[in-house]
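*Asks:* TSV, C-alpha atoms and all ligand atoms, file upload.tsv:
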chain	number	residue	atom	x	y	z
A	1	MET	CA	0.00	0.00	0.00
A	2	THR	CA	1.34	3.42	-0.86
A	3	SER	CA	1.20	6.03	1.80
A	4	THR	CA	-1.35	8.11	-0.06
A	5	MET	CA	-3.75	5.20	-0.11
A	6	SER	CA	-3.34	4.16	3.48
A	7	ALA	CA	-6.32	4.75	5.63
A	8	SER	CA	-5.47	6.78	8.68
A	9	PRO	CA	-8.34	6.09	10.99
A	10	SER	CA	-7.12	7.82	14.08
A	11	SER	CA	-4.99	10.60	12.63
A	12	ALA	CA	-7.69	12.35	10.60
A	13	PRO	CA	-8.13	15.57	12.54
A	14	ALA	CA	-11.51	16.63	13.68
A	15	SER	CA	-11.48	20.26	12.66
A	16	THR	CA	-11.73	21.77	16.08
A	17	ALA	CA	-11.10	25.48	16.04
A	18	PRO	CA	-7.53	26.48	16.78
A	19	VAL	CA	-6.92	28.30	20.03
A	20	ASN	CA	-7.51	32.05	19.88
A	21	GLN	CA	-10.12	31.62	17.19
A	22	PRO	CA	-13.43	33.15	18.24
A	23	PRO	CA	-16.14	30.56	18.85
A	24	ARG	CA	-18.11	29.55	15.81
A	25	VAL	CA	-21.86	30.01	15.39
A	26	LEU	CA	-24.14	28.75	12.66
A	27	SER	CA	-27.77	29.41	11.90
A	28	GLY	CA	-30.17	29.02	9.02
A	29	ILE	CA	-33.36	30.55	7.71
A	30	GLN	CA	-35.88	29.01	5.33
A	31	PRO	CA	-36.69	30.86	2.09
A	32	THR	CA	-40.40	30.27	2.49
A	33	ALA	CA	-41.79	33.80	2.18
A	34	ASP	CA	-41.45	36.77	-0.16
A	35	SER	CA	-40.21	38.85	2.72
A	36	PHE	CA	-38.83	38.42	6.20
A	37	GLN	CA	-41.23	39.72	8.77
A	38	VAL	CA	-40.51	41.98	11.70
A	39	GLY	CA	-40.41	39.00	14.05
A	40	ASN	CA	-37.68	37.23	12.02
A	41	TYR	CA	-35.65	40.39	12.02
A	42	LEU	CA	-35.99	41.36	15.67
A	43	GLY	CA	-35.89	37.81	17.00
A	44	ALA	CA	-33.19	36.28	14.84
A	45	ILE	CA	-31.47	38.25	12.11
A	46	ARG	CA	-30.63	41.23	14.29
A	47	ARG	CA	-28.90	38.86	16.69
A	48	TRP	CA	-26.99	37.28	13.81
A	49	VAL	CA	-25.71	40.73	12.89
A	50	ASP	CA	-24.42	41.26	16.44
A	51	LEU	CA	-22.84	37.80	16.60
A	52	GLN	CA	-20.72	38.39	13.50
A	53	GLU	CA	-18.74	40.95	15.53
A	54	THR	CA	-17.70	38.48	18.21
A	55	HIS	CA	-17.94	35.09	16.53
A	56	ASP	CA	-16.81	33.19	13.49
A	57	ALA	CA	-20.30	33.26	12.03
A	58	PHE	CA	-21.89	31.02	9.38
A	59	TYR	CA	-25.41	31.78	8.15
A	60	CYS	CA	-27.28	29.93	5.46
A	61	VAL	CA	-30.46	30.12	3.47
A	62	VAL	CA	-31.76	26.58	3.84
A	63	ASP	CA	-33.34	25.96	0.45
A	64	GLN	CA	-33.11	22.18	0.86
A	65	HIS	CA	-35.28	22.36	3.95
A	66	ALA	CA	-37.81	24.40	1.99
A	67	ILE	CA	-38.60	21.50	-0.37
A	68	THR	CA	-39.78	19.23	2.46
A	69	VAL	CA	-43.31	20.59	2.04
A	70	ASP	CA	-45.28	21.50	-1.06
A	71	TYR	CA	-43.61	24.32	-3.04
A	72	ASP	CA	-43.16	25.84	-6.47
A	73	PRO	CA	-39.65	25.76	-8.06
A	74	GLN	CA	-39.78	29.26	-9.57
A	75	VAL	CA	-41.04	30.72	-6.33
A	76	LEU	CA	-38.37	28.90	-4.34
A	77	ARG	CA	-35.60	30.21	-6.59
A	78	HIS	CA	-36.85	33.77	-6.27
A	79	ARG	CA	-37.30	33.51	-2.52
A	80	THR	CA	-33.82	32.06	-2.06
A	81	LEU	CA	-32.30	35.06	-3.83
A	82	LEU	CA	-34.56	37.44	-1.94
A	83	SER	CA	-33.64	35.86	1.39
A	84	PHE	CA	-29.95	36.11	0.60
A	85	ALA	CA	-30.35	39.76	-0.42
A	86	GLN	CA	-32.30	40.47	2.77
A	87	LEU	CA	-29.56	39.00	4.94
A	88	MET	CA	-27.13	41.41	3.31
A	89	ALA	CA	-29.51	44.34	3.60
A	90	ALA	CA	-30.08	43.57	7.28
A	91	GLY	CA	-26.40	44.16	7.96
A	92	LEU	CA	-24.68	40.81	7.59
A	93	ASP	CA	-21.25	41.49	6.22
A	94	PRO	CA	-19.72	39.02	3.78
A	95	GLN	CA	-16.29	40.17	4.92
A	96	ARG	CA	-16.98	39.16	8.51
A	97	ALA	CA	-19.40	36.27	8.19
A	98	THR	CA	-19.81	33.34	5.83
A	99	ILE	CA	-23.21	33.76	4.23
A	100	PHE	CA	-24.34	31.12	1.78
A	101	VAL	CA	-27.07	28.98	0.27
A	102	GLN	CA	-27.35	25.45	1.66
A	103	SER	CA	-27.67	23.65	-1.69
A	104	HIS	CA	-24.38	25.21	-2.82
A	105	VAL	CA	-22.58	23.13	-0.22
A	106	PRO	CA	-23.17	19.44	-1.00
A	107	GLU	CA	-21.34	18.38	2.17
A	108	HIS	CA	-24.53	19.07	4.17
A	109	SER	CA	-26.48	16.35	2.38
A	110	GLN	CA	-23.51	14.02	2.36
A	111	LEU	CA	-23.16	14.25	6.12
A	112	SER	CA	-26.91	14.09	6.51
A	113	TRP	CA	-27.00	10.61	4.98
A	114	VAL	CA	-24.45	9.30	7.46
A	115	LEU	CA	-26.37	10.87	10.35
A	116	GLN	CA	-29.66	9.45	9.08
A	117	CYS	CA	-28.10	6.04	9.40
A	118	MET	CA	-27.46	6.76	13.07
A	119	THR	CA	-30.89	8.20	13.88
A	120	GLY	CA	-33.58	5.97	15.28
A	121	PHE	CA	-36.87	5.79	13.42
A	122	GLY	CA	-38.73	6.36	16.68
A	123	GLU	CA	-36.36	9.14	17.64
A	124	ALA	CA	-37.13	11.07	14.44
A	125	GLY	CA	-40.83	10.32	14.86
A	126	ARG	CA	-40.87	12.06	18.23
A	127	MET	CA	-39.93	15.46	16.77
A	128	THR	CA	-42.90	17.67	17.53
A	129	GLN	CA	-42.38	19.90	14.50
A	130	PHE	CA	-42.55	16.85	12.25
A	131	LYS	CA	-45.70	15.67	14.00
A	132	ASP	CA	-47.33	19.09	13.60
A	133	LYS	CA	-46.32	19.60	9.99
A	134	SER	CA	-47.15	16.07	8.89
A	135	ALA	CA	-50.55	16.35	10.56
A	136	ARG	CA	-51.09	19.56	8.60
A	137	GLU	CA	-49.93	18.07	5.29
A	138	GLY	CA	-51.83	14.82	5.84
A	139	ALA	CA	-50.15	11.42	6.10
A	140	ASP	CA	-50.32	10.73	2.36
A	141	ARG	CA	-48.69	13.99	1.38
A	142	SER	CA	-45.99	14.05	4.05
A	143	THR	CA	-42.61	13.19	2.63
A	144	VAL	CA	-39.66	11.27	3.97
A	145	GLY	CA	-37.76	14.55	3.57
A	146	LEU	CA	-40.04	16.16	6.12
A	147	PHE	CA	-39.30	13.22	8.42
A	148	THR	CA	-35.53	13.58	8.10
A	149	TYR	CA	-35.60	17.39	8.13
A	150	PRO	CA	-34.08	17.59	11.65
A	151	VAL	CA	-31.21	15.31	10.62
A	152	LEU	CA	-30.32	17.62	7.73
A	153	GLN	CA	-30.45	20.46	10.22
A	154	ALA	CA	-28.03	18.55	12.47
A	155	ALA	CA	-25.72	18.12	9.48
A	156	ASP	CA	-25.92	21.88	8.74
A	157	ILE	CA	-24.56	22.51	12.21
A	158	LEU	CA	-22.13	19.64	12.76
A	159	ILE	CA	-20.39	19.92	9.39
A	160	TYR	CA	-18.97	23.29	10.55
A	161	GLN	CA	-18.08	22.20	14.08
A	162	ALA	CA	-20.26	25.05	15.32
A	163	ASP	CA	-20.00	25.83	19.02
A	164	GLY	CA	-23.25	27.75	19.24
A	165	VAL	CA	-26.53	27.84	17.34
A	166	PRO	CA	-28.69	30.94	17.73
A	167	VAL	CA	-32.29	29.78	17.31
A	168	GLY	CA	-35.76	30.39	18.67
A	169	GLU	CA	-37.40	28.33	21.37
A	170	ASP	CA	-39.22	26.28	18.70
A	171	GLN	CA	-35.88	24.75	17.62
A	172	ARG	CA	-34.86	23.44	21.04
A	173	GLN	CA	-35.80	19.86	20.29
A	174	HIS	CA	-33.90	19.87	16.98
A	175	LEU	CA	-30.84	21.13	18.80
A	176	GLU	CA	-31.15	18.35	21.37
A	177	LEU	CA	-31.23	15.82	18.55
A	178	THR	CA	-28.16	17.48	17.01
A	179	ARG	CA	-26.28	17.17	20.29
A	180	ASP	CA	-27.34	13.54	20.71
A	181	LEU	CA	-26.17	12.69	17.21
A	182	ALA	CA	-22.82	14.42	17.75
A	183	GLN	CA	-22.26	12.55	21.01
A	184	ARG	CA	-23.39	9.25	19.53
A	185	PHE	CA	-21.00	9.61	16.61
A	186	ASN	CA	-18.13	10.67	18.86
A	187	SER	CA	-18.56	7.75	21.21
A	188	ARG	CA	-18.89	5.19	18.46
A	189	PHE	CA	-16.20	6.48	16.06
A	190	GLY	CA	-13.96	8.72	18.16
A	191	GLU	CA	-14.01	12.47	18.83
A	192	THR	CA	-15.10	14.06	15.58
A	193	PHE	CA	-17.78	16.66	16.25
A	194	VAL	CA	-18.02	19.65	18.51
A	195	VAL	CA	-21.20	19.18	20.55
A	196	PRO	CA	-23.00	22.49	19.92
A	197	THR	CA	-24.92	24.61	22.39
A	198	ALA	CA	-28.32	26.08	21.58
A	199	LEU	CA	-28.27	29.86	22.02
A	200	ILE	CA	-31.98	30.31	22.57
A	201	VAL	CA	-33.24	33.84	22.15
A	202	ALA	CA	-35.22	35.03	25.14
A	203	ASP	CA	-38.84	35.71	24.29
A	204	THR	CA	-38.87	39.14	25.92
A	205	ALA	CA	-38.75	41.15	22.70
A	206	LYS	CA	-41.44	39.05	21.09
A	207	ILE	CA	-43.71	41.12	18.88
A	208	LEU	CA	-47.37	40.11	18.77
A	209	ASP	CA	-49.93	40.15	15.99
A	210	LEU	CA	-51.11	43.74	15.43
A	211	ALA	CA	-54.65	42.60	14.73
A	212	ASP	CA	-54.71	40.11	17.61
A	213	PRO	CA	-52.14	41.02	20.27
A	214	THR	CA	-52.72	37.79	22.15
A	215	SER	CA	-50.92	35.68	19.55
A	216	LYS	CA	-47.42	35.89	18.14
A	217	MET	CA	-46.87	37.91	14.94
A	218	SER	CA	-46.78	35.34	12.17
A	219	LYS	CA	-46.92	35.28	8.40
A	220	SER	CA	-49.92	32.95	8.63
A	221	SER	CA	-51.96	35.95	9.73
A	222	PRO	CA	-50.84	38.61	7.19
A	223	SER	CA	-53.11	41.47	8.30
A	224	GLY	CA	-51.43	41.60	11.71
A	225	CYS	CA	-47.95	40.88	10.41
A	226	LEU	CA	-45.43	43.48	9.25
A	227	PHE	CA	-43.27	42.24	6.41
A	228	LEU	CA	-40.01	44.13	5.99
A	229	LEU	CA	-40.60	44.42	2.25
A	230	ASP	CA	-44.22	45.52	2.53
A	231	ASP	CA	-44.91	48.75	0.71
A	232	GLU	CA	-44.76	51.83	2.96
A	233	ARG	CA	-48.48	52.39	2.54
A	234	VAL	CA	-49.22	48.84	3.56
A	235	LEU	CA	-47.02	49.09	6.66
A	236	THR	CA	-48.62	52.41	7.58
A	237	LYS	CA	-52.09	50.99	7.19
A	238	LYS	CA	-51.34	47.86	9.23
A	239	ILE	CA	-50.01	49.98	12.08
A	240	LYS	CA	-52.84	52.52	11.86
A	241	THR	CA	-55.42	49.77	12.13
A	242	ALA	CA	-53.56	47.90	14.89
A	243	VAL	CA	-55.80	46.91	17.77
A	244	THR	CA	-55.42	49.22	20.74
A	245	ASP	CA	-57.11	48.82	24.08
A	246	SER	CA	-59.88	50.55	25.98
A	247	GLY	CA	-58.85	53.73	27.76
A	248	ARG	CA	-56.75	56.41	26.12
A	249	GLU	CA	-53.58	56.41	28.09
A	250	ILE	CA	-50.22	55.12	26.82
A	251	ALA	CA	-49.05	52.67	29.44
A	252	LEU	CA	-47.14	49.42	29.49
A	253	ASP	CA	-49.39	46.71	30.87
A	254	ARG	CA	-49.28	43.42	29.01
A	255	GLU	CA	-52.34	42.04	30.77
A	256	SER	CA	-54.85	44.85	30.42
A	257	LYS	CA	-53.26	46.74	27.49
A	258	PRO	CA	-51.75	44.08	25.21
A	259	GLY	CA	-52.19	46.12	22.01
A	260	VAL	CA	-50.62	49.30	23.37
A	261	SER	CA	-47.85	47.34	25.07
A	262	ASN	CA	-47.08	45.54	21.82
A	263	LEU	CA	-46.70	48.85	19.97
A	264	LEU	CA	-44.41	50.09	22.74
A	265	SER	CA	-42.25	46.97	22.30
A	266	LEU	CA	-42.21	47.47	18.55
A	267	ILE	CA	-41.10	51.09	18.84
A	268	GLY	CA	-38.52	50.18	21.45
A	269	ALA	CA	-37.06	47.39	19.34
A	270	PHE	CA	-36.52	49.71	16.36
A	271	THR	CA	-35.22	52.66	18.36
A	272	ASP	CA	-33.00	50.87	20.87
A	273	ARG	CA	-35.11	51.65	23.89
A	274	THR	CA	-36.93	49.49	26.39
A	275	PRO	CA	-40.74	49.52	26.13
A	276	GLU	CA	-40.74	51.22	29.56
A	277	GLN	CA	-38.60	54.05	28.21
A	278	VAL	CA	-40.84	54.47	25.20
A	279	ALA	CA	-43.89	54.62	27.47
A	280	THR	CA	-42.21	57.31	29.53
A	281	ASP	CA	-41.15	59.24	26.44
A	282	LEU	CA	-44.70	59.20	25.07
A	283	GLN	CA	-46.37	59.98	28.39
A	284	GLY	CA	-49.29	62.36	28.04
A	285	GLY	CA	-49.85	61.53	24.36
A	286	GLY	CA	-52.78	59.59	22.94
A	287	TYR	CA	-53.08	56.45	20.84
A	288	GLY	CA	-52.67	58.52	17.68
A	289	ASP	CA	-49.23	59.66	18.87
A	290	LEU	CA	-48.35	56.09	19.74
A	291	LYS	CA	-49.20	54.90	16.25
A	292	THR	CA	-47.36	57.77	14.59
A	293	ALA	CA	-44.28	56.89	16.62
A	294	ALA	CA	-44.64	53.23	15.62
A	295	ILE	CA	-44.96	54.11	11.94
A	296	ASP	CA	-41.87	56.35	12.12
A	297	ALA	CA	-39.86	53.69	13.96
A	298	VAL	CA	-40.74	50.92	11.51
A	299	LEU	CA	-40.38	52.98	8.32
A	300	SER	CA	-37.02	54.39	9.37
A	301	PHE	CA	-35.73	50.83	9.22
A	302	THR	CA	-37.75	49.35	6.36
A	303	GLY	CA	-37.14	52.25	3.97
A	304	PRO	CA	-33.36	51.84	3.67
A	305	PHE	CA	-33.74	48.07	4.04
A	306	ALA	CA	-36.09	47.74	1.06
A	307	ALA	CA	-33.86	50.04	-1.01
A	308	ALA	CA	-30.79	47.88	-0.27
A	309	VAL	CA	-32.67	44.70	-1.20
A	310	ALA	CA	-33.92	46.25	-4.45
A	311	GLU	CA	-30.42	47.38	-5.37
A	312	LEU	CA	-28.96	43.92	-4.86
A	313	MET	CA	-31.82	42.15	-6.62
A	314	ALA	CA	-31.24	44.45	-9.60
A	315	ASP	CA	-27.61	43.31	-9.77
A	316	PRO	CA	-27.59	39.55	-10.37
A	317	GLY	CA	-23.85	39.61	-11.03
A	318	GLU	CA	-23.15	40.95	-7.57
A	319	LEU	CA	-25.61	38.56	-5.99
A	320	THR	CA	-23.90	35.65	-7.72
A	321	ARG	CA	-20.47	36.90	-6.66
A	322	LEU	CA	-21.57	37.07	-3.03
A	323	MET	CA	-23.23	33.65	-3.09
A	324	ASN	CA	-20.12	32.20	-4.68
A	325	LEU	CA	-17.86	33.73	-2.07
A	326	GLY	CA	-20.00	32.31	0.74
A	327	ALA	CA	-20.28	28.86	-0.87
A	328	HIS	CA	-16.55	28.71	-1.41
A	329	ARG	CA	-15.72	29.58	2.18
A	330	ALA	CA	-18.38	27.25	3.52
A	331	ARG	CA	-17.11	24.33	1.45
A	332	GLU	CA	-13.59	24.93	2.67
A	333	ALA	CA	-14.80	24.75	6.24
A	334	ALA	CA	-17.04	21.73	5.63
A	335	ALA	CA	-14.64	19.53	3.66
A	336	PRO	CA	-12.30	18.46	6.50
A	337	THR	CA	-15.24	17.37	8.66
A	338	LEU	CA	-16.75	15.30	5.87
A	339	ALA	CA	-13.36	13.70	5.11
A	340	ALA	CA	-12.91	12.74	8.75
A	341	VAL	CA	-16.45	11.34	8.94
A	342	TYR	CA	-16.13	9.29	5.74
A	343	ASP	CA	-12.88	7.87	6.98
A	344	ARG	CA	-14.19	6.98	10.42
A	345	VAL	CA	-17.35	5.31	9.22
A	346	GLY	CA	-15.26	3.03	7.01
A	347	PHE	CA	-15.65	4.44	3.51
A	348	VAL	CA	-12.64	3.69	1.30
A	349	GLN	CA	-10.68	6.85	0.57
A	350	LEU	CA	-9.30	7.52	-2.89
A	351	PRO	CA	-5.99	9.35	-3.21
A	352	ASP	CA	-6.23	13.04	-4.17
B	1	LIG	N1	-35.28	24.60	11.23
B	1	LIG	C1	-34.86	25.97	11.30
B	1	LIG	C2	-36.12	26.86	11.36
B	1	LIG	O1	-37.14	26.49	10.84
B	1	LIG	C3	-34.02	26.39	10.11
B	1	LIG	C4	-32.69	25.71	10.09
B	1	LIG	C5	-32.26	24.78	9.21
B	1	LIG	C6	-31.63	25.93	11.00
B	1	LIG	N2	-30.97	24.41	9.47
B	1	LIG	C7	-30.56	25.09	10.58
B	1	LIG	C8	-31.48	26.74	12.12
B	1	LIG	C9	-29.37	25.04	11.28
B	1	LIG	C10	-30.27	26.67	12.82
B	1	LIG	C11	-29.23	25.83	12.40
B	1	LIG	O2	-36.04	27.93	11.91
Using C-alpha cells, write down the structure from this file.
Ligand code: TRP
*Replies:*
Amino acid sequence: MTSTMSASPSSAPASTAPVNQPPRVLSGIQPTADSFQVGNYLGAIRRWVDLQETHDAFYCVVDQHAITVDYDPQVLRHRTLLSFAQLMAAGLDPQRATIFVQSHVPEHSQLSWVLQCMTGFGEAGRMTQFKDKSAREGADRSTVGLFTYPVLQAADILIYQADGVPVGEDQRQHLELTRDLAQRFNSRFGETFVVPTALIVADTAKILDLADPTSKMSKSSPSGCLFLLDDERVLTKKIKTAVTDSGREIALDRESKPGVSNLLSLIGAFTDRTPEQVATDLQGGGYGDLKTAAIDAVLSFTGPFAAAVAELMADPGELTRLMNLGAHRAREAAAPTLAAVYDRVGFVQLPD
C-alpha cells in the first residue's frame, strides 16, 4: 500500500477550532416567504448581525429544507435570492461572516446521509415539528424529507463544528437531537464533532400580531404581520389599524393593554429603547401619537432596508459573486469534517 492510499483512521483531525479563534456560530433561515417579517428580524437576524462581531459566524439560506413541504420551483428560486439579499440588507457582512445557500454546499447532504443512518426511526418520529407539519400536510402527502428534516439540520450545524446555534425556542428539540447525534458519533467512532450549544433567544422582545395582540406575529396571519418588504403604505395601514385597548392612556401593561404594550415593544425594538422608556417618552400623548411613533420607527428601518434589497436584486452579477464567495468559504470549512467522517465510518478513501 502506498502512503497516499493508506487509511489513517485515528490521525484524521476533527477540525476543532484552533486556540484564539473566536467561537463559531451557525444558523439558518428558510426561504419560504417573499419577505422576512418583523419577528424574524428582531428575534433572529438582528442577533446574527451582532454575533458576527464576536464570533466566526456562518449563516445559510436553507433551500433544501424548503422542499420538504409542497412548493413551487420558480417561487423557491426567487425567494432564495430574496432571502440572501435580505440577509445582506439587514447588515450581515460578507467580509466578517460566511453567508451562503445550503444547496451550494453538497457536504450538508452528504453528512446528513451518514447521520440518518445513526438516527432511530422512533427518535425522528418524536420530533414535535414533524408531527405538527405532517398532521397539517396529511399522512399521504408528508414526505420522507419532512421526516428527516431535523437530521439535515443537524448536518448543517455539525459539518462546521459550530460551538453555538442561535435559534428560537421552537428549535430546542432539533438542537437536542443534534447534540445527541454528535455525542453518539463521537462515542462510536472517536471524537469528531463539537457538541453544539443552543443559544436560545429570550422571548422578551417578542412582537405580537397587530390585529390580535394575544398571539405571536406570524406570516400565517398577514393582516397583523409586518413584512419588511411591505410597501410603505401597507405598513402604515397595518399599524394605523392595529388593535389598541380601551382607555386612552399610553401605558405598558401586558395584561390589560396588550395592544398598546405591543406597539411600545415594537417602537422600542426599532429605536433601541426598552418599552418602559418608550412609554415614559410618550407619556401624556394619545393612541394617535403612539401609532405615529410606531410608523416612524418601523419605516425608518424598512425604507433603507427595502432600497438595499432592491439594489442587490437588480444586480444579479453581484448577488452571484456574493453567493459564490460564501459557498466557497463554507465548502472549505465543511470539507475536513466530511473527510474525517467518511474515513471513520469506514468508507474507502481515494488518493487526491
Ligand atoms: N429549522 C430551522 C427553522 O425552521 C431552520 C434551520 C435549518 C436551521 N438548518 C438550521 C437553524 C441550522 C439553525 C441551524 O427555523
*Asks:* Residues at most 8 Å from ligand LIG 1 (chain B), using all atoms listed in the file? Could they come as a list in words?
*Replies:*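 Sorted by chain and then by number, the residues are Leu26, Ser27, Gly28, Ile29, Gln30, Cys60, Val62, His65, Tyr149, Pro150, Leu152, Gln153, Ala154, Asp156, Ile157, Val165, Pro166, Val167, Gly168, Asp170, Gln171 and His174 of chain A.
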*Asks:* Quick one: everything within 10 Å of Arg46 in chain A, counting all atoms listed in the file, minus sequence neighbours fewer than 6 positions away in the same chain. Send it as a PDB file with C-alpha atoms, keeping the file's coordinate frame.
*Replies:*
ATOM      1  CA  ASN A  40     -37.680  37.230  12.020  1.00  0.00           C
ATOM      2  CA  LEU A  87     -29.560  39.000   4.940  1.00  0.00           C
ATOM      3  CA  ALA A  90     -30.080  43.570   7.280  1.00  0.00           C
ATOM      4  CA  GLY A  91     -26.400  44.160   7.960  1.00  0.00           C
ATOM      5  CA  LEU A  92     -24.680  40.810   7.590  1.00  0.00           C
TER       6      LEU A  92
END
*Asks:* Please measure the separation of CA of Asp289 in chain A and CA of Thr302 in chain A, giving the value in Å to one decimal.
*Replies:*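 Value for the CA of Asp289 in chain A-CA of Thr302 in chain A distance: 19.9 Å.
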*Asks:* With distances taken over only C-alpha atoms, which of A:Gln95, A:Glu137, A:Gln52, A:Leu82 is nearest to Val69 in chain A?
*Replies:*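 Closest to Val69 in chain A, using only C-alpha atoms: A:Glu137.
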*Asks:* From the options A:Ala97, A:Ala251, A:Ala182, A:Ala198, which residue's atoms come nearest to Gly285 in chain A, counting all atoms listed in the file?
*Replies:*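 For Gly285 in chain A, the nearest of the candidates is A:Ala251.
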*Asks:* Just give me the gap between CA of Pro258 in chain A and CA of Tyr41 in chain A in Å, one decimal is fine.
*Replies:*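 Answer for the CA of Pro258 in chain A to CA of Tyr41 in chain A separation: 21.1 Å.
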*Asks:* Have a look at CA of Lys206 in chain A and CA of Arg47 in chain A and let me know their distance in Å, one decimal.
*Replies:*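 Taking CA of Lys206 in chain A and CA of Arg47 in chain A, their separation equals 13.3 Å.
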*Asks:* Got a sec: who's within 12 Å of Phe36 in chain A, counting only C-alpha atoms, leaving out chain neighbours fewer than 2 positions off, as a ChimeraX atom specification?
*Replies:* /A:29-34,38-46,79-80,82-87,89-90,217-219,225-230,302,305-306,309
*Asks:* Between A:Ala155, A:Lys237, A:Gln129, A:Gly288, which is the closest to Ser112 in chain A once you count only C-alpha atoms?
*Replies:*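 Counting only C-alpha atoms, the residue closest to Ser112 in chain A is A:Ala155.
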*Asks:* Please return range 62-76 of chain A, rebuilt to N, CA, C and O atoms, as a PDB file, keeping the file's coordinate frame.
*Replies:*
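Now in part.pdb:
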ATOM      1  N   VAL A  62     -31.609  28.027   3.939  1.00  0.00           N
ATOM      2  CA  VAL A  62     -31.760  26.580   3.840  1.00  0.00           C
ATOM      3  C   VAL A  62     -32.822  26.194   2.805  1.00  0.00           C
ATOM      4  O   VAL A  62     -33.930  25.783   3.140  1.00  0.00           O
ATOM      5  N   ASP A  63     -32.413  26.285   1.534  1.00  0.00           N
ATOM      6  CA  ASP A  63     -33.340  25.960   0.450  1.00  0.00           C
ATOM      7  C   ASP A  63     -33.696  24.477   0.419  1.00  0.00           C
ATOM      8  O   ASP A  63     -34.793  24.102   0.010  1.00  0.00           O
ATOM      9  N   GLN A  64     -32.790  23.619   0.870  1.00  0.00           N
ATOM     10  CA  GLN A  64     -33.110  22.180   0.860  1.00  0.00           C
ATOM     11  C   GLN A  64     -34.188  21.846   1.892  1.00  0.00           C
ATOM     12  O   GLN A  64     -35.001  20.950   1.670  1.00  0.00           O
ATOM     13  N   HIS A  65     -34.196  22.566   2.986  1.00  0.00           N
ATOM     14  CA  HIS A  65     -35.280  22.360   3.950  1.00  0.00           C
ATOM     15  C   HIS A  65     -36.623  22.832   3.394  1.00  0.00           C
ATOM     16  O   HIS A  65     -37.670  22.322   3.775  1.00  0.00           O
ATOM     17  N   ALA A  66     -36.566  23.821   2.508  1.00  0.00           N
ATOM     18  CA  ALA A  66     -37.810  24.400   1.990  1.00  0.00           C
ATOM     19  C   ALA A  66     -38.552  23.460   1.039  1.00  0.00           C
ATOM     20  O   ALA A  66     -39.720  23.690   0.734  1.00  0.00           O
ATOM     21  N   ILE A  67     -37.891  22.411   0.550  1.00  0.00           N
ATOM     22  CA  ILE A  67     -38.600  21.500  -0.370  1.00  0.00           C
ATOM     23  C   ILE A  67     -39.195  20.291   0.378  1.00  0.00           C
ATOM     24  O   ILE A  67     -39.660  19.347  -0.249  1.00  0.00           O
ATOM     25  N   THR A  68     -39.194  20.341   1.694  1.00  0.00           N
ATOM     26  CA  THR A  68     -39.780  19.230   2.460  1.00  0.00           C
ATOM     27  C   THR A  68     -41.307  19.306   2.515  1.00  0.00           C
ATOM     28  O   THR A  68     -41.958  18.355   2.928  1.00  0.00           O
ATOM     29  N   VAL A  69     -41.852  20.466   2.158  1.00  0.00           N
ATOM     30  CA  VAL A  69     -43.310  20.590   2.040  1.00  0.00           C
ATOM     31  C   VAL A  69     -43.616  21.110   0.634  1.00  0.00           C
ATOM     32  O   VAL A  69     -42.699  21.500  -0.096  1.00  0.00           O
ATOM     33  N   ASP A  70     -44.880  21.096   0.278  1.00  0.00           N
ATOM     34  CA  ASP A  70     -45.280  21.500  -1.060  1.00  0.00           C
ATOM     35  C   ASP A  70     -44.715  22.883  -1.416  1.00  0.00           C
ATOM     36  O   ASP A  70     -44.714  23.781  -0.580  1.00  0.00           O
ATOM     37  N   TYR A  71     -44.229  23.040  -2.658  1.00  0.00           N
ATOM     38  CA  TYR A  71     -43.610  24.320  -3.040  1.00  0.00           C
ATOM     39  C   TYR A  71     -43.583  24.415  -4.547  1.00  0.00           C
ATOM     40  O   TYR A  71     -43.816  23.436  -5.258  1.00  0.00           O
ATOM     41  N   ASP A  72     -43.254  25.604  -5.036  1.00  0.00           N
ATOM     42  CA  ASP A  72     -43.160  25.840  -6.470  1.00  0.00           C
ATOM     43  C   ASP A  72     -41.703  26.209  -6.804  1.00  0.00           C
ATOM     44  O   ASP A  72     -41.140  27.107  -6.179  1.00  0.00           O
ATOM     45  N   PRO A  73     -41.087  25.538  -7.774  1.00  0.00           N
ATOM     46  CA  PRO A  73     -39.650  25.760  -8.060  1.00  0.00           C
ATOM     47  C   PRO A  73     -39.288  27.209  -8.385  1.00  0.00           C
ATOM     48  O   PRO A  73     -38.277  27.708  -7.895  1.00  0.00           O
ATOM     49  N   GLN A  74     -40.109  27.867  -9.217  1.00  0.00           N
ATOM     50  CA  GLN A  74     -39.780  29.260  -9.570  1.00  0.00           C
ATOM     51  C   GLN A  74     -39.853  30.167  -8.356  1.00  0.00           C
ATOM     52  O   GLN A  74     -39.032  31.061  -8.175  1.00  0.00           O
ATOM     53  N   VAL A  75     -40.859  29.914  -7.540  1.00  0.00           N
ATOM     54  CA  VAL A  75     -41.040  30.720  -6.330  1.00  0.00           C
ATOM     55  C   VAL A  75     -39.878  30.472  -5.368  1.00  0.00           C
ATOM     56  O   VAL A  75     -39.323  31.403  -4.779  1.00  0.00           O
ATOM     57  N   LEU A  76     -39.490  29.221  -5.234  1.00  0.00           N
ATOM     58  CA  LEU A  76     -38.370  28.900  -4.340  1.00  0.00           C
ATOM     59  C   LEU A  76     -37.098  29.620  -4.780  1.00  0.00           C
ATOM     60  O   LEU A  76     -36.390  30.220  -3.964  1.00  0.00           O
TER      61      LEU A  76
END
